[in-house]
Amino acid sequence: MRKTPLDDLKLHVKFKLSALWTALMFCYIYGDYFGLYVPGQLKGMLEGQGPVGPTTQGSLAGTALLLAIPGVMVFLSLVSPPVLSRCLNLLFGTLYTLIMLATMPGAWVFYILLGVIEVILTGSIVWYAWTWPRTAGMQREAP
């Protein structure tokens, strides 16, 4: 019996980017959920301590914005014009890679594991945005 290659669908970069942002959001959600099991975490939350100091409306609004951007990027990666989508993915993919790298040192193992996965995901977002294919008629001539 001869084996034939499996059929595959070529996905546009917009779908790949959207899927990467979706996967990133799942890692964020699991990381935050598992973080509740760290001893003292809930006690600190009940006493008004947030991830970066005392819990205030401003700190919660900032955290909400920080966590909303990846969710919105799931949608924007699909519906934005290619040039805007590429720029947003390069900007936010890089930003969230740096945020994860800055928050990983000294963290629990589960957080570092998820952080490494998140860095791979955001790095992939930057890579796909950076290498976004050009249309045949728009390629530059070699000098």
# chains A, B, ... in the order shown; residues from 1 in each chain; ligands from 1
$ select_by_dssp --residues "chain A" --states "helix (DSSP H, G or I)" --output "PyMOL selection string"
chain A and resi 13-35+41-46+57-79+82-103+109-130+136-138
$ residues_around --residues "Tyr111 of chain A" --least-positions-apart "4" --cutoff "12 Å" --atoms "only C-alpha atoms" --output "number ranges by chain"
A: 27-38, 100-101, 103-107, 115-119
$ residues_around --residues "Trp132 of chain A" --least-positions-apart "3" --cutoff "9 Å" --atoms "only C-alpha atoms" --output "list of chain:residue names"
A:Val13, A:Pro82, A:Arg86, A:Trp127, A:Tyr128, A:Ala129
$ write_last_selection --atoms "C-alpha atoms" --output "short mmCIF file (atom, residue, chain, number, x, y, z; two decimals), in the first residue's frame"
data_model
loop_
_atom_site.label_atom_id
_atom_site.label_comp_id
_atom_site.auth_asym_id
_atom_site.auth_seq_id
_atom_site.Cartn_x
_atom_site.Cartn_y
_atom_site.Cartn_z
CA VAL A 13 -1.20 34.92 7.63
CA PRO A 82 -2.80 44.25 5.92
CA ARG A 86 1.17 43.97 10.29
CA TRP A 127 7.84 36.49 12.89
CA TYR A 128 4.63 36.01 10.89
CA ALA A 129 3.97 39.75 10.83
#
$ residues_around --residues "Val72 of chain A" --least-positions-apart "4" --cutoff "12 Å" --atoms "only C-alpha atoms" --output "PDB file with C-alpha atoms, in the first residue's frame"
ATOM      1  CA  SER A  18      -5.444  35.417  15.044  1.00  0.00           C
ATOM      2  CA  TRP A  21      -3.324  35.590  19.820  1.00  0.00           C
ATOM      3  CA  THR A  22      -6.083  33.148  20.806  1.00  0.00           C
ATOM      4  CA  MET A  25      -5.033  34.370  25.688  1.00  0.00           C
ATOM      5  CA  ALA A  64      -7.655  45.407  32.229  1.00  0.00           C
ATOM      6  CA  LEU A  65      -6.250  47.339  29.257  1.00  0.00           C
ATOM      7  CA  LEU A  66      -3.081  45.240  29.257  1.00  0.00           C
ATOM      8  CA  LEU A  67      -5.123  42.037  29.175  1.00  0.00           C
ATOM      9  CA  ALA A  68      -7.739  43.325  26.713  1.00  0.00           C
ATOM     10  CA  LEU A  76      -8.021  43.053  14.582  1.00  0.00           C
ATOM     11  CA  SER A  77      -5.607  40.563  13.031  1.00  0.00           C
ATOM     12  CA  LEU A  78      -8.455  39.315  10.863  1.00  0.00           C
ATOM     13  CA  VAL A  79     -10.278  42.512   9.927  1.00  0.00           C
ATOM     14  CA  SER A  80      -7.619  45.226   9.749  1.00  0.00           C
ATOM     15  CA  SER A  85      -2.518  44.554  10.927  1.00  0.00           C
ATOM     16  CA  LEU A  88      -0.128  46.255  15.189  1.00  0.00           C
ATOM     17  CA  ASN A  89       1.111  42.668  15.330  1.00  0.00           C
ATOM     18  CA  PHE A  92       2.065  44.351  20.343  1.00  0.00           C
TER      19      PHE A  92
END
$ select_by_dssp --residues "segment 30-138 of chain A" --states "strand (DSSP E or B)" --output "list in words"
Gln49, Gly50, Gly53 and Pro54 of chain A
$ write_last_selection --atoms "N, CA and C atoms" --output "short mmCIF file (atom, residue, chain, number, x, y, z; two decimals), in the first residue's frame"
data_model
loop_
_atom_site.label_atom_id
_atom_site.label_comp_id
_atom_site.auth_asym_id
_atom_site.auth_seq_id
_atom_site.Cartn_x
_atom_site.Cartn_y
_atom_site.Cartn_z
N GLN A 49 -3.91 43.87 47.75
CA GLN A 49 -2.63 43.88 47.04
C GLN A 49 -2.80 43.29 45.65
N GLY A 50 -2.39 44.06 44.67
CA GLY A 50 -2.44 43.60 43.29
C GLY A 50 -1.08 43.13 42.82
N GLY A 53 1.40 46.20 43.30
CA GLY A 53 1.23 47.08 44.46
C GLY A 53 -0.22 47.12 44.90
N PRO A 54 -0.55 48.18 45.66
CA PRO A 54 -1.93 48.28 46.15
C PRO A 54 -2.95 48.31 45.00
#
$ closest_residue --among "A:Phe110, A:Val83, A:Leu17, A:Leu24" --to "Thr97 of chain A" --atoms "only C-alpha atoms"
A:Leu24
$ closest_residue --among "A:Leu11, A:Met1, A:Leu84, A:Leu20" --to "Thr122 of chain A" --atoms "only C-alpha atoms"
A:Leu20
$ atom_distance --atom1 "atom CA of Gln41 of chain A" --atom2 "atom CA of Gln57 of chain A"
19.3 Å
